[in-house]
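Next comes model_34.cif, with mmCIF, C-alpha atoms.
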```cif
data_my_file
loop_
_atom_site.label_atom_id
_atom_site.label_comp_id
_atom_site.auth_asym_id
_atom_site.auth_seq_id
_atom_site.Cartn_x
_atom_site.Cartn_y
_atom_site.Cartn_z
CA MET A 1 -1.58 1.11 4.82
CA ALA A 2 -4.38 3.61 4.71
CA ALA A 3 -3.00 7.12 4.66
CA SER A 4 -5.73 8.20 7.09
CA ALA A 5 -4.18 5.99 9.80
CA SER A 6 -0.68 7.31 9.20
CA ALA A 7 1.30 8.86 12.05
CA TYR A 8 3.72 10.09 9.40
CA LEU A 9 1.00 12.06 7.62
CA ARG A 10 -0.18 13.70 10.84
CA VAL A 11 3.40 14.68 11.66
CA ALA A 12 4.01 15.87 8.09
CA ASN A 13 0.90 18.02 8.27
CA ARG A 14 2.16 19.61 11.49
CA PHE A 15 5.58 20.24 9.95
CA GLY A 16 3.91 21.80 6.90
CA HIS A 17 1.84 24.06 9.12
CA THR A 18 4.92 25.18 11.05
CA LEU A 19 6.82 25.71 7.81
CA SER A 20 4.01 27.85 6.44
CA THR A 21 4.44 30.26 9.38
CA VAL A 22 8.12 31.02 8.76
CA GLN A 23 8.53 34.72 8.08
CA ASP A 24 11.06 36.14 5.61
CA GLY A 25 13.41 37.32 8.36
CA GLN A 26 13.40 33.96 10.18
CA TRP A 27 15.13 31.72 7.63
CA GLU A 28 18.56 32.46 9.09
CA ASN A 29 17.46 31.78 12.69
CA LEU A 30 19.62 29.09 14.22
CA THR A 31 18.09 25.78 15.20
CA ARG A 32 19.01 23.73 18.26
CA CYS A 33 21.44 21.93 15.96
CA ASP A 34 24.28 24.44 15.87
CA GLU A 35 25.12 23.53 12.30
CA TRP A 36 21.77 24.51 10.74
CA ASN A 37 19.58 27.55 10.42
CA ALA A 38 15.85 27.25 9.69
CA SER A 39 16.38 27.18 5.93
CA GLU A 40 19.03 24.46 6.15
CA LEU A 41 16.85 22.39 8.49
CA VAL A 42 13.94 22.49 6.03
CA GLY A 43 16.34 21.64 3.20
CA HIS A 44 17.44 18.60 5.23
CA VAL A 45 13.85 17.45 5.73
CA VAL A 46 13.07 17.80 2.02
CA ALA A 47 16.30 15.97 1.08
CA THR A 48 15.52 13.15 3.53
CA HIS A 49 12.12 12.66 1.90
CA GLN A 50 13.76 12.63 -1.53
CA ARG A 51 16.36 10.04 -0.47
CA VAL A 52 13.80 7.76 1.14
CA TYR A 53 11.47 7.91 -1.85
CA SER A 54 14.34 7.13 -4.21
CA ILE A 55 14.70 3.75 -2.48
CA VAL A 56 11.47 2.56 -4.11
CA HIS A 57 11.51 4.84 -7.13
CA PRO A 58 15.04 5.18 -8.54
CA ASN A 59 14.16 8.29 -10.55
CA GLY A 60 13.31 10.05 -7.30
CA ILE A 61 10.84 12.89 -7.25
CA ASP A 62 10.80 14.23 -10.80
CA GLU A 63 8.53 17.18 -10.09
CA LEU A 64 10.82 18.79 -7.50
CA ASP A 65 11.95 22.18 -8.78
CA ASN A 66 15.14 23.27 -7.05
CA ASP A 67 14.20 26.89 -7.76
CA ALA A 68 10.90 26.49 -5.92
CA THR A 69 10.47 27.80 -2.39
CA LEU A 70 11.10 25.40 0.46
CA LEU A 71 7.37 25.35 1.18
CA GLU A 72 6.64 24.40 -2.44
CA GLN A 73 9.31 21.70 -2.32
CA TRP A 74 7.85 20.41 0.93
CA LYS A 75 4.41 20.13 -0.62
CA VAL A 76 5.81 18.07 -3.50
CA VAL A 77 7.74 15.62 -1.31
CA THR A 78 4.89 15.06 1.13
CA THR A 79 2.37 14.61 -1.67
CA THR A 80 4.70 12.07 -3.24
CA LEU A 81 5.12 10.10 -0.01
CA ARG A 82 1.36 10.26 0.64
CA GLN A 83 0.75 8.76 -2.81
CA ALA A 84 3.39 6.08 -2.16
CA LEU A 85 1.69 5.11 1.11
CA ASP A 86 -1.64 4.88 -0.71
CA ASP A 87 -0.16 2.67 -3.44
CA PRO A 88 -0.03 -0.93 -2.14
CA GLY A 89 2.68 -1.80 -4.65
CA LEU A 90 5.02 0.90 -3.34
CA ALA A 91 3.93 0.79 0.30
CA ASN A 92 4.61 -2.94 0.53
CA THR A 93 7.89 -2.91 -1.41
CA PRO A 94 10.55 -4.54 0.77
CA VAL A 95 13.47 -2.21 1.53
CA GLN A 96 16.72 -2.79 3.37
CA THR A 97 17.30 -0.65 6.45
CA ARG A 98 19.62 -0.76 9.45
CA ALA A 99 16.82 -2.65 11.19
CA GLY A 100 16.70 -5.23 8.39
CA GLU A 101 14.19 -5.70 5.61
CA GLN A 102 10.83 -4.03 6.04
CA PRO A 103 8.04 -2.64 3.87
CA PHE A 104 8.61 0.86 2.52
CA SER A 105 5.59 2.06 4.53
CA ALA A 106 7.29 0.93 7.76
CA LEU A 107 10.38 2.97 6.87
CA VAL A 108 8.21 6.03 6.32
CA GLU A 109 6.17 5.43 9.49
CA GLY A 110 9.41 4.89 11.43
CA LEU A 111 12.51 6.78 10.36
CA VAL A 112 10.84 9.50 8.29
CA MET A 113 8.07 10.11 10.83
CA ILE A 114 10.56 10.34 13.71
CA ASP A 115 12.90 12.64 11.80
CA THR A 116 10.04 14.89 10.73
CA LEU A 117 8.60 14.94 14.26
CA CYS A 118 11.92 16.05 15.76
CA ASP A 119 12.51 18.58 13.00
CA THR A 120 9.04 20.05 13.54
CA TRP A 121 9.99 20.87 17.10
CA ASP A 122 13.38 22.20 16.01
CA LEU A 123 11.87 24.45 13.34
CA ALA A 124 9.18 25.73 15.70
CA ARG A 125 11.80 26.51 18.35
CA ALA A 126 13.97 28.36 15.80
CA ILE A 127 11.13 30.61 14.67
CA ASP A 128 9.47 30.97 18.09
CA ALA A 129 6.30 29.15 16.97
CA ASN A 130 4.05 26.64 18.70
CA GLU A 131 6.29 23.71 19.66
CA SER A 132 3.48 21.26 20.43
CA LEU A 133 3.74 17.97 18.57
CA ASP A 134 1.19 15.38 17.51
CA GLU A 135 0.37 13.77 20.86
CA SER A 136 -0.29 10.35 19.37
CA ALA A 137 2.95 10.35 17.34
CA VAL A 138 5.27 11.10 20.26
CA PRO A 139 4.76 7.75 22.03
CA ILE A 140 5.02 5.92 18.70
CA ALA A 141 8.35 7.64 18.05
CA TYR A 142 9.52 6.87 21.58
CA ASP A 143 8.61 3.19 21.24
CA LYS A 144 10.32 2.89 17.85
CA LEU A 145 13.47 4.59 19.13
CA THR A 146 13.48 2.34 22.19
CA GLU A 147 13.18 -0.72 19.93
CA MET A 148 16.18 0.52 17.95
CA GLY A 149 18.19 1.03 21.11
CA ASN A 150 18.39 4.81 20.79
#
```

Give the structure from the file, written as structure tokens.
Amino acid sequence: MAASASAYLRVANRFGHTLSTVQDGQWENLTRCDEWNASELVGHVVATHQRVYSIVHPNGIDELDNDATLLEQWKVVTTTLRQALDDPGLANTPVQTRAGEQPFSALVEGLVMIDTLCDTWDLARAIDANESLDESAVPIAYDKLTEMGN
């Protein structure tokens, strides 16, 4: 899959932009999920990317520094997934999911894209930022969720 055609990458770019606007005093702002504040939500998104990548690369993301800022961690995980999508060997690796076996790229373009899309809105809402989402990704997410019966 060409990264330029990726809904995931467009959504990830939007999440990264929203993340870059978080001010020091906003990290403790609660999200719509009562259990998480903005910092915990971003930690969840980073951890999800790490878990998904570890499916095709058992060592995970070696370069991730747990002492780095959340924005720095985000940049590492999205760069890693971008490189995986650009690598035909990794992108086409079959992986087992709840929906059955599929290429790794389909998992990223499905589950990871949808999760990141929703979390972009949630983060933006928590920090009172622009809540608009990638207009072409929303119907893709809707269709994929409908296919899954959600």

Item to complete: Just give me the gap between CA of Ser6 in chain A and CA of Asp134 in chain A in Å, one decimal is fine.
Response: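 Calculated distance between CA of Ser6 in chain A and CA of Asp134 in chain A is 11.7 Å.
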
Worksheet item: With all atoms listed in the file as the atoms that count, which of A:Ala68, A:Leu81, A:Val138, A:Leu145 lies nearest to Ala12 in chain A?
Response: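 Going through A:Ala68, A:Leu81, A:Val138, A:Leu145 one by one, the smallest distance to Ala12 in chain A is for A:Leu81.
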
Discussion item. Take the PyMOL selection byres ((chain A and resi 117-122) around 6), run it mentally on this structure, and tell me the resulting residues as a VMD selection string.
Written reply: chain A and resid 11 15 31 113 to 116 123 to 125 131

Fill in: Asp24 in chain A surroundings by only C-alpha atoms, 12 Å radius, close-in-sequence under 6 positions cut, as a PyMOL selection string
chain A and resi 38-39+69-70+127

Item to complete: Would you translate the PyMOL selection byres ((chain A and resi 56-59) around 10) into the concrete set of residues it matches in this file, as number ranges by chain?
Response: A: 50-55, 60-62, 84, 89-95, 104

Worksheet entry | Close residues, Leu71 in chain A itself excluded, 9 Å, all atoms listed in the file, min 4 positions apart in chain, as a PyMOL selection string | chain A and resi 16+19-20+42+75-76

Worksheet entry | Shell around range 107-112 of chain A at 8 Å using only C-alpha atoms, local window under 6 positions removed, as a list in words |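 The residues that qualify are Ser6, Ala7, Tyr8, Thr48, His49, Val52, Thr97, Ala141 and Lys144 of chain A.
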
Item to complete: May I ask for the distance between CA of Leu30 in chain A and CA of Asn130 in chain A, given in Å to one decimal place?
Response: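 Between CA of Leu30 in chain A and CA of Asn130 in chain A the gap works out to 16.4 Å.
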
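You will find CA of Leu64 in chain A at 21.3 Å from CA of Ser105 in chain A.
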
Response to the item:
Shortest contact to Asn29 in chain A, candidates A:Ala126, A:Ala137, A:Ala106, A:Val46, atoms counted all atoms listed in the file, goes to A:Ala126

Worksheet, complete the sentence: Counting only C-alpha atoms, closest pick from A:Asp128, A:Glu147, A:Pro139, A:Thr80 relative to Thr21 in chain A is A:Asp128

Worksheet, complete the sentence: Nearest to His44 in chain A, restricted to only C-alpha atoms and choosing among A:Thr79, A:Gln73, A:Asp67, A:Leu133, comes out as A:Gln73

Please enclose the listed atoms of range 16-22 of chain A in an axis-aligned box, pad each side by 6 Å, and write out the centre and the three edge lengths in Å, rounded to one decimal, as AutoDock Vina command-line options.
```
--center_x 5.0 --center_y 26.4 --center_z 8.7 --size_x 18.3 --size_y 21.2 --size_z 16.6
```
